[in-house]
Amino acid sequence: MSLLVPFVHAVIVFGVPILFGWVVLRRLVRENDLLILVPGSFVVGIAAHMSGLNELRHYMEMNVALWTFYKLLLAATLSIVVFSQKPRSPPTVIRTMRSAWRLLLVGGGAVVSSVYFGIPAFKGVLNDAWWGHYPAAIEIQTIARFPLHHFLALDDPLYYHYGPDLVAASWAFLLDLSVQQAYALLITTLAPAAFLLGVGLVARFSKRFWSGLLAGVFAIVGGNLCFLYMAQGEFAHPLTFLKALNSQTMQGFNQMVFTPSHAVGMPLTLAIIAIFRHFIARFTLSLAAILGLTLATLSLVAEWYFFPLVAALTIVSLIEVWERFGVKRERLLQFSLRLLPIVIALSWAIFNNSYIAGTFGKYWMRYGTFSEQASRRLSMSLLRAQPSSVELEVLPPLEKSPPSRLTSLTPLLLNLSHLGSVPTWESAGANENPYISMLSSRFLAECIPVVIIGLPLGLLRAWRRHKRIALVIGLAGLISAAPPILLDWDYRSVDFLRFFTGTFICSAILLGWLVGEWLFSQKKAVRCLGWAVAVCALINPVALGWIGLMPSTLETVKAVSFSGASLADTVKKQASPTTAQTSAAPAVSVPTPTSAQDTPQLRNAVYETLATRAGLFLLPITHGEQRAIVLVSENELPPLKTFPEWMKFTTLARTPVPIGWYWEASSYADYYRKAVRTLSRESLIALGAQWIVVTNIFDHKLPPDVLDALKDRTRFIPVSTSIEGRYFLTLYRVVE
């Protein structure tokens, strides 16, 4: 019986969405190709999961919302089966795939891609999942109802691309998994789905097996010429080879798959393009609704896929409208309905509680919710204070920071000061973001051969041969390259590099189409070019897999991922290791911790252990709703390079840690700065803090005023202490 319940849960969690996706694609979209149907059903089911649960959680708690969602999804599936026509032909594979060895090759590629990305994912290499998505998933599980609050600004609503977090939180909730395991499962299943969708799409419009296979391979593991820099590596430090192989600007799916927005965004983008292929061939209102709603769901996943794809679909739809209107001379209004999916997608996305809605909320309306909440808490504290109590010194209103581009009506400016250069992920956490010239050898090496060959030649061939799907892919890739090159967002411009991943993936698909034709050209020079390009595109991922999947390298990369450090900084530390300095002793009497030499792996393991212990203590008491502050150095507020540490504590200790936005000054940061200096009453009340965390994992010496305040048992009571090696973590309850 103990095994039956998890099995039933797994059948429901995976079976119901996949069944819904299959029925939608077969009955409404009329998809016949198994290479699209099998992965597409899974991806469409996940899209329905994200969109449906996002709506229900505004009215229901997690458990009720989940089971209600699966019931509604099953009812919708049965309704489509009853009221739609049965497909005339059974599902099959296109003629170019009707060979046992070809199908075996494609199936083997799907398995290899799942293993290639699954091993590091289950080993904990999750990159961005630790910092934004992981805390969001925890809050999705614990909060009573949406909207979510921001994990760094607890009195402000969250506008974020948390679509993947809805899925990970649901799987972890129902399948008794950790959130980390749920994210790894998401990557392991969606990577082969992206591969199969790439193969199916290109094989369909190119009518060539090798074009489809190479497009799928290049899309998920396409490489570049960075392997030429491996000569700079040191055999004593394998991480130096990874640094040479990893792109710092034009990153493809191979690197970004460990970021949930990319892991879900790419296959969902390809599934939308597959639906669009039917829409331009056969216009129906049901197809328009399916395409529009699926496209709108992409706004919950990644705006760097949503906006370029919307633009590409709009351009191709307008081309279709113009050509059909010119040929048939019918009413323009009839063909203008082909833009209906775009209207549905944009309308739905704006009203979704997503990052797009947040663009309007944060930069145009400027909520300022925290200031109101802090003032209300301070006022209520004064009302509760008795005459005999110590008077509460209320802070004067905090001075507002001068308006900047981040708070103005137009936060984005043209990149005039760095025109001809693009940001780089190198030292991305610093206040100043480095730029790299687009004519530099490093940038060109990262773009060759995929982008520089695949994108222009693929677009040209798509236009000449009237391949509408190839044109959509090429336009999406071209438009994705515009924000990193043309826009400036202060030192946060590095965020625009996420658009480059769409450019790389779309270019890789087009390159696979081209190389698949070149390999069978009658001209020997063209065949040689095809082989040369294929080899250059595959050396990098093979080397990354060989070096990156080594056990020692995996542990180091996990430590880098978990600490939010850059690969370059870690390589420098390995070259000149230093021992961290011991911080001040805890403010309460605890056993003397043993000394141990620090390594990145040891420190991160200790951090995870201590933060998890704090969570195991706090969660039963607070139910994940009470707030804590961690005492750190004042110059870490806002926490630029150290903000991942805050995210980890928020996640693992499962208690909100209120601090300011890490990229700009805020009221949170001002009050927090006063708290870590003095632990004053007004700062704690303004922050709504009920717990104080004292730890030496930040190597921070507590100020004298803080040490004196923690000795006051009328204000702070020590309730729990954990020790690991030379590190400790002590929890205080705020009793004032």
# chains A, B, ... in the order shown; residues from 1 in each chain; ligands from 1

call {"tool": "closest_atom_pairs", "arguments": {"of": "stretch 76-162 of chain A", "to": "stretch 208-213 of chain A", "cutoff": "12 Å", "atoms": "only C-alpha atoms", "output": "tab-separated table"}}
result
residue	atom	partner	partner_atom	distance
A:Val93	CA	A:Phe209	CA	11.4
A:Ile94	CA	A:Phe209	CA	9.5
A:Arg95	CA	A:Phe209	CA	9.2
A:Thr96	CA	A:Phe209	CA	5.6
A:Met97	CA	A:Phe209	CA	6.3
A:Arg98	CA	A:Phe209	CA	9.7
A:Ser99	CA	A:Phe209	CA	10.2
A:Trp101	CA	A:Phe209	CA	11.6
A:Arg102	CA	A:Phe209	CA	8.0
A:Leu103	CA	A:Phe209	CA	10.0
A:Leu104	CA	A:Leu213	CA	11.7
A:Leu105	CA	A:Leu213	CA	8.7
A:Val106	CA	A:Leu213	CA	7.1
A:Gly107	CA	A:Leu213	CA	10.7
A:Gly108	CA	A:Leu213	CA	11.3
A:Gly109	CA	A:Leu213	CA	8.7
A:Ala110	CA	A:Leu213	CA	10.7

call {"tool": "residues_around", "arguments": {"residues": "stretch 690-698 of chain A", "least_positions_apart": "3", "cutoff": "8 Å", "atoms": "only C-alpha atoms", "output": "list of chain:residue names"}}
result
A:Thr582, A:Ser583, A:Ala584, A:Ala585, A:Pro586, A:Arg603, A:Tyr607, A:Gln626, A:Arg627, A:Ala628, A:Ile629, A:Val630, A:Leu631, A:Val632, A:Leu684, A:Lys701, A:Tyr727, A:Phe728, A:Leu729, A:Thr730, A:Leu731, A:Tyr732, A:Arg733, A:Val734, A:Val735

call {"tool": "write_last_selection", "arguments": {"atoms": "N, CA and C atoms", "output": "PDB file, in the first residue's frame"}}
result
ATOM      1  N   THR A 582      38.610  33.513  10.516  1.00  0.00           N
ATOM      2  CA  THR A 582      37.598  33.139  11.494  1.00  0.00           C
ATOM      3  C   THR A 582      36.937  34.395  12.041  1.00  0.00           C
ATOM      4  N   SER A 583      35.615  34.344  12.147  1.00  0.00           N
ATOM      5  CA  SER A 583      34.885  35.518  12.606  1.00  0.00           C
ATOM      6  C   SER A 583      34.717  35.479  14.114  1.00  0.00           C
ATOM      7  N   ALA A 584      33.931  36.427  14.569  1.00  0.00           N
ATOM      8  CA  ALA A 584      33.734  36.546  16.004  1.00  0.00           C
ATOM      9  C   ALA A 584      32.998  35.334  16.554  1.00  0.00           C
ATOM     10  N   ALA A 585      33.172  35.079  17.815  1.00  0.00           N
ATOM     11  CA  ALA A 585      32.501  33.961  18.458  1.00  0.00           C
ATOM     12  C   ALA A 585      31.026  34.270  18.592  1.00  0.00           C
ATOM     13  N   PRO A 586      30.189  33.248  18.715  1.00  0.00           N
ATOM     14  CA  PRO A 586      28.765  33.503  18.866  1.00  0.00           C
ATOM     15  C   PRO A 586      28.462  34.228  20.162  1.00  0.00           C
ATOM     16  N   ARG A 603      32.754  24.463   2.559  1.00  0.00           N
ATOM     17  CA  ARG A 603      31.976  25.609   3.022  1.00  0.00           C
ATOM     18  C   ARG A 603      30.525  25.520   2.556  1.00  0.00           C
ATOM     19  N   TYR A 607      27.294  25.155   4.842  1.00  0.00           N
ATOM     20  CA  TYR A 607      26.222  26.155   4.746  1.00  0.00           C
ATOM     21  C   TYR A 607      24.881  25.468   4.556  1.00  0.00           C
ATOM     22  N   GLN A 626       6.931  33.341   9.036  1.00  0.00           N
ATOM     23  CA  GLN A 626       7.558  34.386   9.842  1.00  0.00           C
ATOM     24  C   GLN A 626       8.889  34.808   9.235  1.00  0.00           C
ATOM     25  N   ARG A 627       9.298  36.018   9.546  1.00  0.00           N
ATOM     26  CA  ARG A 627      10.470  36.611   8.919  1.00  0.00           C
ATOM     27  C   ARG A 627      11.692  36.565   9.826  1.00  0.00           C
ATOM     28  N   ALA A 628      12.841  36.448   9.198  1.00  0.00           N
ATOM     29  CA  ALA A 628      14.107  36.456   9.915  1.00  0.00           C
ATOM     30  C   ALA A 628      15.048  37.424   9.234  1.00  0.00           C
ATOM     31  N   ILE A 629      16.014  37.914   9.994  1.00  0.00           N
ATOM     32  CA  ILE A 629      17.089  38.678   9.377  1.00  0.00           C
ATOM     33  C   ILE A 629      18.398  38.010   9.749  1.00  0.00           C
ATOM     34  N   VAL A 630      19.324  37.993   8.816  1.00  0.00           N
ATOM     35  CA  VAL A 630      20.649  37.421   9.026  1.00  0.00           C
ATOM     36  C   VAL A 630      21.618  38.580   9.212  1.00  0.00           C
ATOM     37  N   LEU A 631      22.398  38.528  10.277  1.00  0.00           N
ATOM     38  CA  LEU A 631      23.344  39.607  10.555  1.00  0.00           C
ATOM     39  C   LEU A 631      24.570  39.458   9.662  1.00  0.00           C
ATOM     40  N   VAL A 632      24.766  40.442   8.811  1.00  0.00           N
ATOM     41  CA  VAL A 632      25.899  40.443   7.889  1.00  0.00           C
ATOM     42  C   VAL A 632      26.555  41.815   7.928  1.00  0.00           C
ATOM     43  N   LEU A 684      13.746  46.608  13.395  1.00  0.00           N
ATOM     44  CA  LEU A 684      13.167  45.262  13.428  1.00  0.00           C
ATOM     45  C   LEU A 684      11.663  45.300  13.205  1.00  0.00           C
ATOM     46  N   LYS A 701      32.337  40.084  11.560  1.00  0.00           N
ATOM     47  CA  LYS A 701      32.435  40.383  12.973  1.00  0.00           C
ATOM     48  C   LYS A 701      31.275  41.292  13.376  1.00  0.00           C
ATOM     49  N   TYR A 727      32.218  26.446  11.851  1.00  0.00           N
ATOM     50  CA  TYR A 727      31.061  27.295  11.580  1.00  0.00           C
ATOM     51  C   TYR A 727      29.945  27.021  12.584  1.00  0.00           C
ATOM     52  N   PHE A 728      29.215  28.061  12.923  1.00  0.00           N
ATOM     53  CA  PHE A 728      28.058  27.918  13.803  1.00  0.00           C
ATOM     54  C   PHE A 728      26.902  28.757  13.254  1.00  0.00           C
ATOM     55  N   LEU A 729      25.725  28.446  13.718  1.00  0.00           N
ATOM     56  CA  LEU A 729      24.525  29.221  13.375  1.00  0.00           C
ATOM     57  C   LEU A 729      23.615  29.216  14.589  1.00  0.00           C
ATOM     58  N   THR A 730      23.332  30.413  15.116  1.00  0.00           N
ATOM     59  CA  THR A 730      22.496  30.567  16.300  1.00  0.00           C
ATOM     60  C   THR A 730      21.239  31.350  15.947  1.00  0.00           C
ATOM     61  N   LEU A 731      20.104  30.843  16.424  1.00  0.00           N
ATOM     62  CA  LEU A 731      18.814  31.501  16.200  1.00  0.00           C
ATOM     63  C   LEU A 731      18.354  32.191  17.481  1.00  0.00           C
ATOM     64  N   TYR A 732      17.923  33.445  17.340  1.00  0.00           N
ATOM     65  CA  TYR A 732      17.349  34.213  18.446  1.00  0.00           C
ATOM     66  C   TYR A 732      15.895  34.514  18.136  1.00  0.00           C
ATOM     67  N   ARG A 733      15.053  34.438  19.157  1.00  0.00           N
ATOM     68  CA  ARG A 733      13.647  34.850  19.025  1.00  0.00           C
ATOM     69  C   ARG A 733      13.518  36.286  19.479  1.00  0.00           C
ATOM     70  N   VAL A 734      12.907  37.111  18.653  1.00  0.00           N
ATOM     71  CA  VAL A 734      12.657  38.509  19.016  1.00  0.00           C
ATOM     72  C   VAL A 734      11.398  38.553  19.871  1.00  0.00           C
ATOM     73  N   VAL A 735      11.505  39.056  21.092  1.00  0.00           N
ATOM     74  CA  VAL A 735      10.370  39.024  22.024  1.00  0.00           C
ATOM     75  C   VAL A 735       9.781  40.400  22.266  1.00  0.00           C
TER      76      VAL A 735
END

call {"tool": "atom_distance", "arguments": {"atom1": "atom CA of A:Glu323", "atom2": "atom CA of A:Ile473"}}
result
19.8 Å

call {"tool": "atom_distance", "arguments": {"atom1": "atom CA of A:Phe496", "atom2": "atom CA of A:Val422"}}
result
9.3 Å

call {"tool": "residues_around", "arguments": {"residues": "A:Phe279", "least_positions_apart": "2", "cutoff": "10 Å", "atoms": "only C-alpha atoms", "output": "list in words"}}
result
Val29, Ile273, Ala274, Ile275, Phe276, Arg277, Ala281, Arg282, Phe283, Thr284, Leu285, Ser286, Leu287, Ala288, Ile290, Leu291, Ser317, Arg338 and Pro341 of chain A

call {"tool": "residues_around", "arguments": {"residues": "A:Arg613", "least_positions_apart": "3", "cutoff": "8 Å", "atoms": "only C-alpha atoms", "output": "JSON, numbers by chain"}}
result
{"A": [609, 610, 616, 617, 653, 722]}

call {"tool": "write_last_selection", "arguments": {"atoms": "C-alpha atoms", "output": "PDB file, in the first residue's frame"}}
result
ATOM      1  CA  THR A 609      23.668  21.699   6.539  1.00  0.00           C
ATOM      2  CA  LEU A 610      23.323  24.654   8.905  1.00  0.00           C
ATOM      3  CA  LEU A 616      13.868  22.056  10.290  1.00  0.00           C
ATOM      4  CA  PHE A 617      13.653  24.022  13.517  1.00  0.00           C
ATOM      5  CA  ALA A 653      15.623  27.677   6.185  1.00  0.00           C
ATOM      6  CA  SER A 722      24.115  24.343  15.347  1.00  0.00           C
TER       7      SER A 722
END

call {"tool": "select_by_dssp", "arguments": {"residues": "stretch 73-162 of chain A", "states": "alpha helix (DSSP H)", "output": "count of residues only"}}
result
44

call {"tool": "residues_around", "arguments": {"residues": "stretch 481-483 of chain A", "least_positions_apart": "2", "cutoff": "7 Å", "atoms": "only C-alpha atoms", "output": "list in words"}}
result
Gly477, Leu478, Ile479, Ile485, Leu486, Leu487, Phe496, Phe499, Phe500 and Thr503 of chain A

call {"tool": "closest_residue", "arguments": {"among": "A:Thr678, A:Asn32, A:Thr189, A:Ser381", "to": "A:Pro90", "atoms": "only C-alpha atoms"}}
result
A:Asn32

call {"tool": "residues_around", "arguments": {"residues": "stretch 56-73 of chain A", "least_positions_apart": "6", "cutoff": "6 Å", "atoms": "only C-alpha atoms", "output": "list in words"}}
result
Ala144, Arg145 and Phe146 of chain A

call {"tool": "closest_residue", "arguments": {"among": "A:Leu53, A:Leu652, A:Leu78, A:Ala203", "to": "A:Asp165", "atoms": "only C-alpha atoms"}}
result
A:Leu53

call {"tool": "closest_residue", "arguments": {"among": "A:Leu519, A:Leu214, A:Arg468, A:Phe122", "to": "A:Leu177", "atoms": "only C-alpha atoms"}}
result
A:Phe122

call {"tool": "atom_distance", "arguments": {"atom1": "atom CA of A:Pro6", "atom2": "atom CA of A:Ser170"}}
result
13.7 Å

call {"tool": "closest_residue", "arguments": {"among": "A:Glu517, A:Gln181, A:Asn540, A:Ile280", "to": "A:Lys243", "atoms": "only C-alpha atoms"}}
result
A:Asn540

call {"tool": "closest_residue", "arguments": {"among": "A:Phe306, A:Trp463, A:Phe241, A:Tyr116", "to": "A:Thr294", "atoms": "only C-alpha atoms"}}
result
A:Phe306

call {"tool": "closest_residue", "arguments": {"among": "A:Phe205, A:Tyr183, A:Phe258, A:Phe370", "to": "A:His466", "atoms": "only C-alpha atoms"}}
result
A:Phe205

call {"tool": "decode", "arguments": {"residues": "stretch 469-504 of chain A", "atoms": "N, CA and C atoms", "output": "compact mmCIF listing (two decimals), in the first residue's frame"}}
result
# COMPACT_ATOMS: atom_id res chain seq x y z
N ILE A 469 8.03 28.04 -41.58
CA ILE A 469 8.47 27.65 -40.24
C ILE A 469 9.94 27.99 -40.05
N ALA A 470 10.76 27.74 -41.07
CA ALA A 470 12.17 28.13 -40.99
C ALA A 470 12.31 29.64 -40.86
N LEU A 471 11.41 30.37 -41.53
CA LEU A 471 11.45 31.83 -41.44
C LEU A 471 11.10 32.30 -40.03
N VAL A 472 10.12 31.66 -39.39
CA VAL A 472 9.77 32.00 -38.01
C VAL A 472 10.98 31.77 -37.09
N ILE A 473 11.62 30.62 -37.25
CA ILE A 473 12.78 30.29 -36.41
C ILE A 473 13.90 31.31 -36.63
N GLY A 474 14.18 31.64 -37.89
CA GLY A 474 15.24 32.60 -38.19
C GLY A 474 14.93 33.99 -37.68
N LEU A 475 13.68 34.44 -37.84
CA LEU A 475 13.32 35.78 -37.35
C LEU A 475 13.38 35.85 -35.83
N ALA A 476 12.92 34.79 -35.17
CA ALA A 476 13.00 34.76 -33.70
C ALA A 476 14.45 34.87 -33.24
N GLY A 477 15.35 34.16 -33.95
CA GLY A 477 16.77 34.25 -33.59
C GLY A 477 17.35 35.63 -33.85
N LEU A 478 16.97 36.23 -34.97
CA LEU A 478 17.49 37.55 -35.31
C LEU A 478 16.98 38.61 -34.33
N ILE A 479 15.70 38.57 -34.00
CA ILE A 479 15.12 39.55 -33.08
C ILE A 479 15.69 39.38 -31.67
N SER A 480 15.99 38.14 -31.30
CA SER A 480 16.55 37.89 -29.97
C SER A 480 17.91 38.54 -29.79
N ALA A 481 18.62 38.75 -30.90
CA ALA A 481 19.96 39.35 -30.80
C ALA A 481 19.91 40.86 -30.57
N ALA A 482 18.75 41.48 -30.76
CA ALA A 482 18.68 42.94 -30.67
C ALA A 482 18.88 43.48 -29.25
N PRO A 483 18.19 42.97 -28.21
CA PRO A 483 18.35 43.58 -26.88
C PRO A 483 19.77 43.59 -26.35
N PRO A 484 20.55 42.50 -26.42
CA PRO A 484 21.92 42.58 -25.89
C PRO A 484 22.82 43.56 -26.65
N ILE A 485 22.51 43.78 -27.92
CA ILE A 485 23.36 44.65 -28.74
C ILE A 485 22.93 46.11 -28.67
N LEU A 486 21.62 46.34 -28.64
CA LEU A 486 21.10 47.70 -28.82
C LEU A 486 20.63 48.38 -27.54
N LEU A 487 20.35 47.63 -26.47
CA LEU A 487 19.76 48.22 -25.28
C LEU A 487 20.76 48.26 -24.13
N ASP A 488 20.56 49.22 -23.24
CA ASP A 488 21.42 49.42 -22.09
C ASP A 488 20.56 49.49 -20.84
N TRP A 489 20.91 48.69 -19.83
CA TRP A 489 20.15 48.67 -18.58
C TRP A 489 21.13 48.75 -17.41
N ASP A 490 22.01 49.75 -17.51
CA ASP A 490 23.02 49.95 -16.49
C ASP A 490 23.85 48.66 -16.36
N TYR A 491 24.35 48.36 -15.17
CA TYR A 491 25.18 47.15 -15.08
C TYR A 491 24.33 45.88 -15.13
N ARG A 492 23.00 46.01 -15.04
CA ARG A 492 22.13 44.85 -15.19
C ARG A 492 21.94 44.47 -16.66
N SER A 493 22.63 45.14 -17.57
CA SER A 493 22.53 44.78 -18.98
C SER A 493 22.96 43.35 -19.23
N VAL A 494 23.68 42.76 -18.29
CA VAL A 494 24.09 41.37 -18.45
C VAL A 494 22.87 40.46 -18.54
N ASP A 495 21.74 40.88 -17.96
CA ASP A 495 20.52 40.08 -18.05
C ASP A 495 20.06 39.90 -19.49
N PHE A 496 20.39 40.87 -20.34
CA PHE A 496 19.98 40.77 -21.74
C PHE A 496 20.66 39.61 -22.46
N LEU A 497 21.76 39.09 -21.90
CA LEU A 497 22.44 37.98 -22.55
C LEU A 497 21.56 36.74 -22.63
N ARG A 498 20.51 36.69 -21.82
CA ARG A 498 19.59 35.56 -21.90
C ARG A 498 18.91 35.51 -23.28
N PHE A 499 18.75 36.67 -23.91
CA PHE A 499 18.18 36.68 -25.25
C PHE A 499 19.10 35.98 -26.25
N PHE A 500 20.40 36.06 -26.02
CA PHE A 500 21.36 35.45 -26.93
C PHE A 500 21.17 33.93 -27.01
N THR A 501 20.66 33.32 -25.96
CA THR A 501 20.43 31.88 -25.99
C THR A 501 19.39 31.53 -27.06
N GLY A 502 18.35 32.35 -27.17
CA GLY A 502 17.37 32.15 -28.23
C GLY A 502 18.00 32.31 -29.60
N THR A 503 18.89 33.30 -29.74
CA THR A 503 19.60 33.49 -31.01
C THR A 503 20.42 32.26 -31.35
N PHE A 504 21.13 31.73 -30.38
CA PHE A 504 21.99 30.57 -30.61
C PHE A 504 21.16 29.34 -30.99
